[in-house]
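Data from structure_21.txt: compact mmCIF, C-alpha atoms
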# COMPACT_ATOMS: atom_id res chain seq x y z
CA MET A 979 51.02 152.87 96.83
CA SER A 980 54.68 152.91 97.83
CA LEU A 981 57.35 155.13 96.29
CA ASP A 982 59.20 152.05 94.96
CA VAL A 983 56.20 151.07 92.89
CA ILE A 984 55.86 154.56 91.44
CA LEU A 985 59.51 155.14 90.59
CA GLY A 986 60.60 151.65 89.76
CA PRO A 987 64.17 150.28 90.20
CA ARG A 988 65.70 152.36 87.44
CA GLU A 989 64.34 155.64 88.74
CA ARG A 990 65.60 154.84 92.24
CA ASP A 991 69.13 154.23 90.89
CA ARG A 992 69.09 157.58 89.16
CA ARG A 993 68.41 159.57 92.30
CA PRO A 994 71.34 161.97 92.89
CA THR A 995 73.70 161.61 95.82
CA SER A 996 72.58 163.60 98.81
CA ARG A 997 73.96 167.09 99.31
CA ARG A 998 75.50 166.07 102.63
CA THR A 999 77.58 163.32 100.97
CA LYS A 1000 78.83 165.75 98.34
CA THR A 1001 79.82 168.24 101.00
CA VAL A 1002 81.77 165.60 102.91
CA TRP A 1003 83.70 164.54 99.79
CA VAL A 1004 84.51 168.13 98.89
CA ALA A 1005 85.78 168.78 102.42
CA VAL A 1006 87.99 165.67 102.30
CA LEU A 1007 89.50 166.68 98.95
CA VAL A 1008 90.16 170.23 100.14
CA ALA A 1009 91.85 168.91 103.29
CA LEU A 1010 94.06 166.53 101.32
CA LEU A 1011 95.00 169.30 98.89
CA ALA A 1012 95.83 171.68 101.73
CA VAL A 1013 98.07 169.08 103.39
CA ALA A 1014 99.87 168.38 100.11
CA VAL A 1015 100.47 172.07 99.47
CA TRP A 1016 101.67 172.63 103.04
CA ARG A 1017 104.12 169.73 102.81
CA SER A 1018 105.53 171.10 99.55
CA LEU A 1019 105.99 174.66 100.79
CA PRO A 1020 109.63 175.58 101.43
CA GLN A 1021 110.43 176.27 105.05
CA GLY A 1022 112.14 179.47 106.12
CA SER A 1023 113.03 181.84 103.33
CA GLY A 1024 113.19 179.09 100.71
CA VAL A 1025 116.41 180.60 99.29
CA PRO A 1026 119.45 178.38 98.64
CA MET A 1027 122.48 178.89 100.90
CA ASP A 1028 120.24 180.69 103.39
CA PRO A 1029 120.53 179.86 107.15
CA GLY A 1030 116.74 180.03 107.45
CA THR A 1031 116.01 177.35 104.87
CA VAL A 1032 115.57 173.73 105.97
CA ASP A 1033 115.39 172.06 102.58
CA ALA A 1034 118.39 170.39 100.94
CA GLY A 1035 119.78 173.62 99.51
CA GLY A 1036 119.60 175.62 102.75
CA THR A 1037 122.16 175.93 105.52
CA LYS A 1038 119.99 175.99 108.62
CA ALA A 1039 121.54 172.81 110.04
CA VAL A 1040 124.98 174.41 110.34
CA ALA A 1041 123.55 177.58 111.83
CA GLU A 1042 121.58 175.68 114.48
CA VAL A 1043 124.56 173.52 115.47
CA LEU A 1044 126.69 176.64 115.87
CA ARG A 1045 124.04 178.18 118.12
CA ARG A 1046 123.97 175.07 120.29
CA GLU A 1047 127.76 175.26 120.56
CA GLY A 1048 127.51 178.77 122.00
CA VAL A 1049 128.13 180.86 118.87
CA GLU A 1050 125.92 183.92 118.56
CA VAL A 1051 124.56 183.71 115.01
CA ASP A 1052 123.00 186.82 113.47
CA VAL A 1053 121.46 186.32 110.02
CA VAL A 1054 121.15 189.48 107.91
CA ARG A 1055 119.58 189.61 104.45
CA THR A 1056 119.71 193.28 103.46
CA ARG A 1057 122.42 195.91 103.22
CA GLU A 1058 120.72 197.95 105.91
CA GLU A 1059 120.76 195.02 108.34
CA LEU A 1060 124.40 194.35 107.50
CA ALA A 1061 125.32 197.98 108.14
CA ALA A 1062 123.55 197.87 111.52
CA ALA A 1063 125.04 194.52 112.61
CA ARG A 1064 127.68 194.40 115.35
CA VAL A 1065 131.09 193.55 113.90
CA ASP A 1066 134.19 193.41 116.11
CA GLU A 1067 137.36 191.40 116.60
CA GLU A 1068 135.35 188.39 117.82
CA THR A 1069 133.04 188.38 114.79
CA THR A 1070 133.18 186.14 111.74
CA VAL A 1071 131.48 187.67 108.71
CA VAL A 1072 130.05 185.02 106.33
CA VAL A 1073 128.77 185.79 102.83
CA SER A 1074 126.93 183.10 100.85
CA ASP A 1075 125.77 183.22 97.25
CA THR A 1076 121.98 183.06 97.32
CA GLY A 1077 121.68 184.29 93.74
CA ALA A 1078 120.92 187.86 94.91
CA LEU A 1079 124.50 189.14 95.23
CA THR A 1080 125.08 192.61 93.79
CA THR A 1081 128.11 194.87 93.45
CA GLU A 1082 126.48 197.28 95.88
CA ALA A 1083 126.07 194.50 98.45
CA MET A 1084 129.72 193.48 98.12
CA LEU A 1085 130.79 197.10 98.64
CA GLU A 1086 128.79 197.14 101.86
CA VAL A 1087 130.55 193.94 102.94
CA ASP A 1088 133.88 195.59 102.13
CA GLU A 1089 133.04 198.49 104.45
CA ARG A 1090 132.24 196.12 107.35
CA LEU A 1091 135.53 194.21 107.13
CA ASP A 1092 137.45 196.80 109.12
CA GLY A 1093 137.66 195.44 112.65
CA ALA A 1094 136.20 191.99 111.84
CA GLY A 1095 137.93 188.93 113.18
CA ARG A 1096 137.44 186.69 110.14
CA LEU A 1097 135.77 186.64 106.73
CA VAL A 1098 134.37 183.47 105.13
CA LEU A 1099 133.11 183.54 101.52
CA LEU A 1100 130.98 180.60 100.41
CA GLY A 1101 130.88 179.87 96.70
CA LEU A 1102 131.07 183.45 95.48
CA PRO A 1103 131.56 184.00 91.72
CA ARG A 1104 134.74 185.60 90.45
CA ASN A 1105 133.23 189.01 89.67
CA ALA A 1106 131.81 189.28 93.21
CA LEU A 1107 135.30 188.54 94.60
CA HIS A 1108 136.73 191.29 92.41
CA ASP A 1109 134.22 193.69 93.96
CA LEU A 1110 136.07 193.03 97.22
CA ASP A 1111 139.40 193.71 95.48
CA LEU A 1112 140.29 190.02 95.78
CA PRO A 1113 142.66 188.95 92.96
CA VAL A 1114 141.16 185.46 92.76
CA THR A 1115 140.03 183.40 89.78
CA LEU A 1116 138.21 180.10 89.46
CA THR A 1117 139.78 176.75 88.62
CA ARG A 1118 138.27 173.46 87.60
CA ALA A 1119 138.95 169.96 88.85
CA ASP A 1120 141.49 167.74 87.16
CA GLU A 1121 141.52 163.96 87.13
CA ASN A 1122 145.04 164.02 88.55
CA ASP A 1123 144.14 166.10 91.61
CA PRO A 1124 145.56 164.44 94.75
CA GLU A 1125 143.26 163.41 97.56
CA GLY A 1126 143.26 164.86 101.05
CA ALA A 1127 143.67 168.41 102.31
CA ARG A 1128 147.39 168.66 101.45
CA CYS A 1129 147.90 171.60 103.80
CA THR A 1130 148.75 172.40 107.43
CA ASP A 1131 145.62 174.41 108.22
CA PRO A 1132 144.14 172.89 111.42
CA ALA A 1133 140.54 173.02 110.17
CA ALA A 1134 141.35 171.32 106.88
CA ALA A 1135 143.89 168.89 108.35
CA ALA A 1136 141.18 167.57 110.69
CA SER A 1137 138.80 167.15 107.72
CA PRO A 1138 140.79 165.38 105.00
CA ASP A 1139 137.81 164.29 102.91
CA ILE A 1140 135.05 166.58 101.60
CA SER A 1141 132.27 165.44 99.32
CA SER A 1142 132.81 167.84 96.43
CA ARG A 1143 135.81 169.35 94.64
CA GLY A 1144 134.25 170.48 91.41
CA ALA A 1145 135.65 174.03 91.59
CA GLY A 1146 138.48 175.86 93.26
CA TYR A 1147 140.07 179.27 93.76
CA ALA A 1148 143.55 180.47 92.82
CA VAL A 1149 145.37 183.77 93.35
CA MET A 1150 145.79 185.58 90.05
CA THR A 1151 149.29 186.26 88.78
CA ARG A 1152 150.43 189.73 87.73
CA GLU A 1153 149.94 188.75 84.11
CA GLN A 1154 146.38 187.65 84.78
CA VAL A 1155 145.64 190.87 86.64
CA ALA A 1156 147.04 192.86 83.74
CA GLU A 1157 144.95 190.84 81.31
CA ALA A 1158 141.81 191.50 83.36
CA ALA A 1159 142.69 195.21 83.31
CA GLY A 1160 142.98 195.06 79.51
CA GLU A 1161 139.58 193.41 79.22
CA GLY A 1162 138.07 196.13 81.33
CA SER A 1163 139.71 199.00 79.44
CA ASP A 1164 139.03 197.94 75.85
CA GLY A 1165 135.47 196.73 76.49
CA SER A 1166 136.12 193.32 74.99
CA ASP A 1167 134.05 190.29 75.89
CA GLY A 1168 136.96 188.35 77.29
CA SER A 1169 137.48 186.14 74.30
CA GLY A 1170 140.80 187.68 73.32
CA GLY A 1171 142.98 184.76 74.34
CA SER A 1172 142.08 184.48 78.01
CA ASP A 1173 142.13 180.88 79.19
CA LEU A 1174 140.83 181.61 82.68
CA PRO A 1175 137.73 179.58 83.58
CA PHE A 1176 134.55 181.37 84.53
CA GLY A 1177 131.75 180.29 86.78
CA PRO A 1178 128.16 179.67 85.57
CA GLY A 1179 126.68 182.88 84.21
CA GLU A 1180 129.89 184.89 84.77
CA GLU A 1181 131.50 187.36 82.44
CA PRO A 1182 135.04 188.74 82.49
CA SER A 1183 135.64 191.62 84.82
CA GLN A 1184 134.81 195.04 83.35
CA ASP A 1185 136.36 196.98 86.23
CA PRO A 1186 138.42 199.90 84.85
CA THR A 1187 140.64 199.75 87.96
CA ALA A 1188 141.44 196.06 87.52
CA ASP A 1189 145.12 196.91 87.22
CA ASP A 1190 145.03 197.74 90.97
CA LEU A 1191 143.28 194.46 91.83
CA GLY A 1192 144.58 192.94 95.07
CA SER A 1193 146.49 196.01 96.24
CA SER A 1194 144.77 195.92 99.65
CA TRP A 1195 145.39 192.20 100.31
CA ASP A 1196 148.46 190.22 101.31
CA THR A 1197 148.37 187.54 98.61
CA ASP A 1198 151.98 186.47 99.17
CA GLY A 1199 150.95 184.59 102.30
CA ALA A 1200 147.99 182.83 100.68
CA ARG A 1201 147.74 179.09 101.22
CA GLY A 1202 145.35 176.53 99.87
CA CYS A 1203 143.83 173.20 100.86
CA TYR A 1204 142.16 170.45 98.81
CA PRO A 1205 143.87 170.84 95.41
CA VAL A 1206 141.51 171.52 92.50
CA GLY A 1207 143.34 171.92 89.20
CA GLU A 1208 145.73 174.85 89.56
CA GLY A 1209 143.89 176.11 92.63
CA HIS A 1210 142.33 174.84 95.84
CA ALA A 1211 138.80 174.21 97.10
CA LEU A 1212 139.71 176.21 100.24
CA LEU A 1213 141.88 179.28 99.77
CA THR A 1214 143.04 181.29 102.82
CA LEU A 1215 144.45 184.82 102.74
CA PRO A 1216 146.19 186.10 105.90
CA ALA A 1217 145.09 189.23 107.72
CA ALA A 1218 146.46 192.51 106.34
CA ASP A 1219 146.01 196.20 107.11
CA GLY A 1220 142.24 196.61 107.54
CA ARG A 1221 141.61 193.13 106.17
CA PRO A 1222 140.80 190.12 108.36
CA ARG A 1223 141.85 186.59 107.67
CA THR A 1224 139.74 185.45 104.72
CA ASP A 1225 138.71 181.91 103.84
CA LEU A 1226 137.24 181.27 100.38
CA LEU A 1227 135.37 177.97 100.01
CA ALA A 1228 134.59 177.22 96.36
CA PRO A 1229 132.36 174.11 96.72
CA ALA A 1230 129.93 175.89 99.05
CA GLY A 1231 127.42 173.05 98.63
CA ILE A 1232 129.24 171.03 101.29
CA VAL A 1233 127.71 173.24 104.02
CA THR A 1234 124.11 172.74 102.86
CA ASN A 1235 121.57 170.61 104.69
CA GLY A 1236 121.63 167.94 101.99
CA THR A 1237 125.38 167.25 102.13
CA ILE A 1238 126.56 168.46 105.53
CA THR A 1239 126.59 164.91 106.94
CA GLN A 1240 128.69 163.47 104.09
CA ASP A 1241 132.38 162.71 104.62
CA ASP A 1242 134.09 165.44 106.70
CA ASN A 1243 131.86 168.30 105.50
CA ALA A 1244 130.43 169.05 108.94
CA ALA A 1245 133.82 169.18 110.65
CA LEU A 1246 135.21 171.61 108.10
CA ALA A 1247 132.11 173.83 108.10
CA LEU A 1248 131.94 174.09 111.90
CA ARG A 1249 135.63 174.91 112.22
CA LEU A 1250 135.47 177.57 109.53
CA LEU A 1251 132.31 179.26 110.77
CA GLY A 1252 132.67 178.67 114.50
CA SER A 1253 136.16 180.04 115.12
CA GLU A 1254 134.77 183.22 116.76
CA ARG A 1255 132.09 183.75 119.39
CA HIS A 1256 129.97 185.93 117.14
CA LEU A 1257 128.86 185.16 113.57
CA VAL A 1258 127.22 187.61 111.15
CA TRP A 1259 125.85 185.62 108.22
CA TYR A 1260 124.95 187.75 105.22
CA ALA A 1261 122.55 185.86 102.91
CA PRO A 1262 121.26 188.56 100.55
CA ALA A 1263 117.57 188.44 99.72
CA PHE A 1264 116.12 189.25 96.32
CA SER A 1265 114.14 192.07 97.91
CA ASP A 1266 117.49 193.77 98.60
CA ILE A 1267 118.11 194.27 94.87
CA SER A 1268 117.31 197.82 93.79
CA GLU A 1269 116.85 199.22 90.33
CA GLY A 1270 120.23 199.80 88.72
CA ASP A 1271 122.11 197.30 90.90
CA THR A 1272 124.63 195.00 89.23
CA VAL A 1273 123.68 191.40 90.01
CA ARG A 1274 126.66 189.12 90.60
CA GLY A 1275 124.92 185.93 91.70
CA GLU A 1276 123.06 183.32 89.69
CA PRO A 1277 119.32 183.55 90.39
CA SER A 1278 117.16 180.44 90.44
CA VAL A 1279 115.16 179.53 87.35
CA ALA A 1280 111.89 179.52 89.30
CA PRO A 1281 111.02 181.00 92.70
CA ALA A 1282 110.45 178.68 95.65
CA TRP A 1283 106.68 179.25 95.63
CA PHE A 1284 106.24 178.17 92.00
CA MET A 1285 105.79 174.41 92.57
CA PRO A 1286 103.32 174.79 95.50
CA LEU A 1287 101.31 177.26 93.41
CA LEU A 1288 101.33 174.86 90.46
CA LEU A 1289 100.15 172.04 92.73
CA LEU A 1290 97.41 174.22 94.16
CA LEU A 1291 96.16 175.24 90.72
CA GLY A 1292 96.23 171.65 89.48
CA GLY A 1293 94.24 170.49 92.49
CA ALA A 1294 91.72 173.29 92.00
CA VAL A 1295 91.24 172.26 88.36
CA LEU A 1296 90.68 168.62 89.31
CA LEU A 1297 88.25 169.60 92.05
CA THR A 1298 86.33 171.81 89.64
CA MET A 1299 86.18 169.02 87.06
CA TRP A 1300 84.81 166.64 89.68
CA TRP A 1301 82.29 169.21 90.90
CA ARG A 1302 80.99 170.42 87.54
CA GLY A 1303 81.50 167.26 85.53
CA ARG A 1304 78.47 165.45 84.13
CA ARG A 1305 77.48 162.31 86.01
CA LEU A 1306 76.71 159.47 83.61
CA GLY A 1307 74.31 156.85 84.87
CA ARG A 1308 73.99 153.27 83.75
CA LEU A 1309 73.24 152.60 80.09
CA ALA A 1310 69.55 152.69 79.20
CA VAL A 1311 68.44 149.88 76.91
CA GLU A 1312 65.44 150.87 74.79
CA PRO A 1313 63.60 148.42 72.51
CA LEU A 1314 63.45 149.33 68.84
CA PRO A 1315 60.01 150.56 67.76
CA VAL A 1316 59.90 148.08 64.85
CA VAL A 1317 62.00 145.25 63.43
CA VAL A 1318 62.47 145.26 59.63
CA ARG A 1319 63.56 142.09 57.90
CA ALA A 1320 66.49 142.17 55.49
CA SER A 1321 64.36 140.84 52.64
CA GLU A 1322 61.85 143.61 53.12
CA THR A 1323 64.66 146.19 53.01
CA THR A 1324 65.92 144.71 49.74
CA VAL A 1325 62.46 144.75 48.18
CA ALA A 1326 61.91 148.33 49.30
CA ARG A 1327 65.20 149.45 47.75
CA GLY A 1328 64.31 147.68 44.48
CA ARG A 1329 61.00 149.48 44.37
CA LEU A 1330 62.77 152.79 44.86
CA TYR A 1331 65.14 152.01 41.98
CA ARG A 1332 62.17 151.02 39.79
CA ARG A 1333 60.23 154.16 40.64
CA ALA A 1334 63.25 156.31 39.81
CA ALA A 1335 64.11 154.24 36.71
CA GLY A 1336 67.51 153.65 38.26
CA ARG A 1337 68.41 150.54 36.29
CA GLY A 1338 72.08 151.64 36.23
CA HIS A 1339 72.25 151.95 40.03
CA ALA A 1340 70.61 148.54 40.45
CA ALA A 1341 73.01 146.92 37.97
CA ASP A 1342 76.02 148.52 39.69
CA ALA A 1343 74.87 147.16 43.05
CA LEU A 1344 74.45 143.64 41.63
CA ARG A 1345 77.81 143.70 39.84
CA SER A 1346 79.69 145.13 42.86
CA ALA A 1347 78.30 142.46 45.16
CA THR A 1348 79.13 139.74 42.63
CA ARG A 1349 82.72 140.95 42.18
CA ARG A 1350 83.20 141.04 45.97
CA ARG A 1351 81.91 137.49 46.43
CA LEU A 1352 83.93 136.16 43.49
CA ALA A 1353 87.14 137.73 44.84
CA ILE A 1354 86.59 136.12 48.21
CA ARG A 1355 85.75 132.78 46.61
CA LEU A 1356 88.87 132.82 44.42
CA GLY A 1357 91.19 133.89 47.26
CA LEU A 1358 92.09 137.29 45.86
CA PRO A 1359 93.48 139.91 48.24
CA ALA A 1360 91.27 142.66 49.57
CA GLY A 1361 91.09 145.60 47.18
CA ALA A 1362 91.84 143.56 44.04
CA ASP A 1363 90.94 145.49 40.88
CA ASP A 1364 88.39 144.43 38.27
CA GLU A 1365 91.01 143.04 35.85
CA ALA A 1366 92.41 140.73 38.54
CA VAL A 1367 88.90 139.42 39.22
CA VAL A 1368 88.22 138.95 35.50
CA ALA A 1369 91.47 137.01 35.06
CA ALA A 1370 90.79 134.77 38.05
CA VAL A 1371 87.21 134.02 36.92
CA ALA A 1372 88.44 133.22 33.42
CA ARG A 1373 90.92 130.70 34.78
CA ALA A 1374 88.27 129.13 37.00
CA THR A 1375 85.50 128.85 34.41
CA GLY A 1376 87.30 128.76 31.07
CA ARG A 1377 85.22 131.63 29.67
CA GLU A 1378 86.60 134.41 27.51
CA ARG A 1379 87.81 137.44 29.39
CA ASP A 1380 85.87 139.86 27.19
CA ASP A 1381 82.58 138.11 27.99
CA ILE A 1382 83.33 138.14 31.72
CA ARG A 1383 84.44 141.79 31.57
CA ALA A 1384 81.26 142.79 29.75
CA LEU A 1385 79.18 141.01 32.36
CA LEU A 1386 81.00 142.35 35.44
CA ALA A 1387 81.67 145.88 34.18
CA GLY A 1388 79.58 146.33 31.07
CA PRO A 1389 77.16 149.06 30.02
CA ASP A 1390 74.08 149.82 32.04
CA PRO A 1391 70.89 147.98 31.05
CA THR A 1392 68.26 150.14 29.33
CA THR A 1393 65.15 148.04 30.01
CA ASP A 1394 63.80 145.96 32.85
CA ALA A 1395 64.30 142.84 30.75
CA ASP A 1396 68.00 143.69 30.29
CA LEU A 1397 68.37 144.25 34.06
CA ALA A 1398 66.73 140.88 34.81
CA ALA A 1399 68.98 139.18 32.24
CA THR A 1400 72.05 140.78 33.82
CA ALA A 1401 71.01 139.51 37.25
CA THR A 1402 70.48 135.99 35.87
CA ASP A 1403 73.87 135.97 34.10
CA LEU A 1404 75.66 137.15 37.25
CA ALA A 1405 74.05 134.38 39.30
CA GLN A 1406 75.01 131.83 36.63
CA LEU A 1407 78.61 133.08 36.70
CA GLU A 1408 78.84 132.67 40.47
CA GLU A 1409 77.42 129.18 40.19
CA GLU A 1410 80.09 128.22 37.62
CA VAL A 1411 82.82 129.51 39.91
CA ARG A 1412 81.45 127.56 42.88
CA HIS A 1413 80.99 124.41 40.81
CA PRO A 1414 83.46 124.54 37.91

Here is the file; what I need is its structure written in the form of structure tokens.
Amino acid sequence: MSLDVILGPRERDRRPTSRRTKTVWVAVLVALLAVAVWRSLPQGSGVPMDPGTVDAGGTKAVAEVLRREGVEVDVVRTREELAAARVDEETTVVVSDTGALTTEAMLEVDERLDGAGRLVLLGLPRNALHDLDLPVTLTRADENDPEGARCTDPAAAASPDISSRGAGYAVMTREQVAEAAGEGSDGSDGSGGSDLPFGPGEEPSQDPTADDLGSSWDTDGARGCYPVGEGHALLTLPAADGRPRTDLLAPAGIVTNGTITQDDNAALALRLLGSERHLVWYAPAFSDISEGDTVRGEPSVAPAWFMPLLLLLGGAVLLTMWWRGRRLGRLAVEPLPVVVRASETTVARGRLYRRAAGRGHAADALRSATRRRLAIRLGLPAGADDEAVVAAVARATGRERDDIRALLAGPDPTTDADLAATATDLAQLEEEVRHP
């Protein structure tokens, strides 16, 4: 006898999938999940404004172009690496806000400025600039800001259009410096009448020596390009004693990979960063923050590895559900062991009522069914109360309402003869409604 005859068609359909097929499907799902996670992983350090990051927020494109043009680019991410980097007259020091800027890091930058050829600051907040003794505040764009560079700087004149002018820098006046000194000395929160704009997450300077702010810089020779409100998107301070020429670029996003090809962003970025043969790019890492450091940057809401980890966990949950989930086969149709006619069910229920002397239950069942059929017959809405049914039946048959009410909702019968009479009267009432 063959196996088909023994098992039958239904048993053959229920045979589980072979272990080899399951293994193949699991391997395919794992491979697809691994590829998806790998594609979503950030390249390089994954930190915004970092020359090692290739996503839209990184600046690797500019760094690589500078290398191809013959500029020696050294990327440093810690204070120790910055202290050990070679800085001379042919070196441009670049500092970008990765969100991990600290006061201690800016003090290390300040120590390396002596002997540098040029300093470029990309999108630094106001308090970080004050750590460098720069008397600079932030300005916001105005709808009446003129277009173009509006300056004689060669780098900006050759790049008249940049993609973003949302923020700018301006040299602080003596009154503003004095006001900042007052904020630092009285411990106020900066709300005492100051109308200076602040960057995201910034607070007024709390430096007790703010009254000496800018004493080491030549701010009289400052010039700006790309007007932004009362300031400029690009602010340049000339070289002074121990201070190199300094360029402050407020909309630092124009040098990122996502926007470097827009308008004249690339031309401006390459001229600013490639003016010297050697470039030291300081992009502070979060690992460089020590306990007790004062953070000046604006850290990201979530680390770069959060989304890949979330994708990996979600894929693992789906794979586990597929692996451990219950497999439901086709529906099994089973014949009922016995078929009971409706009339037999009715007779059986009547016998139960009779055995229990439940004349009231039997009468309630008869009256409820009669009221339901009468309401449907007379076109009453669903859920109509007893009085509405009584009124409609009275209009249809001409009977008195009290007689109809007593029949449809009267007292329970006390004898079998009364129950039979009630059933007969209810049937007669339905007949009168059907054939008035």

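Between CA of Asp1028 (chain A) and CA of Trp1259 (chain A) there is a distance of 8.9 Å.
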
Worksheet item: Counting only C-alpha atoms, what is within 10 Å of Val1043 (chain A), bar same-chain residues fewer than 6 positions away, as a count of residues only?
Response: 4

Response to the item:
Closest of A:Arg1064, A:Arg1337, A:Arg1096, A:Arg1349 to Leu1251 (chain A), counting all atoms listed in the file, is A:Arg1096

Worksheet entry | Between CA of Val1071 (chain A) and CA of Gln1154 (chain A), distance in Å (one decimal) |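 We find that CA of Val1071 (chain A) and CA of Gln1154 (chain A) lie 28.2 Å from each other.
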
Worksheet entry | Counting all atoms listed in the file, the residue of A:Val1311, A:Ala1135, A:Leu1246, A:Ala1127 that sits nearest Cys1203 (chain A) | A:Ala1127

Fill in: Answer as a PyMOL selection string, residues within 9 Å of (126.1, 179.7, 111.5) using all atoms listed in the file
chain A and resi 1029+1037-1045+1049-1053+1072+1248+1251-1252+1257-1259

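CA of Arg1377 (chain A) is found 21.7 Å from CA of Asp1342 (chain A).
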
Worksheet item: Of the residues A:Val1273, A:Ala1347, A:Val1054, A:Leu1291, which is the one nearest to Asp1109 (chain A), using only C-alpha atoms?
Response: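 So, comparing all the options, the nearest one is A:Val1273.
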
Residues within 9 Å of Ala1145 (chain A), please, as a short mmCIF file (atom, residue, chain, number, x, y, z; two decimals) with C-alpha atoms, in the coordinates of the input. Count all atoms listed in the file; anything in the same chain fewer than 2 positions from it doesn't count.
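For reference, result_8.cif as written:
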data_model
loop_
_atom_site.label_atom_id
_atom_site.label_comp_id
_atom_site.auth_asym_id
_atom_site.auth_seq_id
_atom_site.Cartn_x
_atom_site.Cartn_y
_atom_site.Cartn_z
CA LEU A 1116 138.21 180.10 89.46
CA THR A 1117 139.78 176.75 88.62
CA ARG A 1118 138.27 173.46 87.60
CA ALA A 1119 138.95 169.96 88.85
CA SER A 1142 132.81 167.84 96.43
CA ARG A 1143 135.81 169.35 94.64
CA TYR A 1147 140.07 179.27 93.76
CA GLY A 1177 131.75 180.29 86.78
CA VAL A 1206 141.51 171.52 92.50
CA GLY A 1207 143.34 171.92 89.20
CA GLY A 1209 143.89 176.11 92.63
CA HIS A 1210 142.33 174.84 95.84
CA ALA A 1211 138.80 174.21 97.10
CA ALA A 1228 134.59 177.22 96.36
CA PRO A 1229 132.36 174.11 96.72
#

Response to the item:
Between A:Thr1224, A:Thr1001, A:Asn1235, A:Thr1076, smallest distance to Ala1263 (chain A) by only C-alpha atoms belongs to A:Thr1076
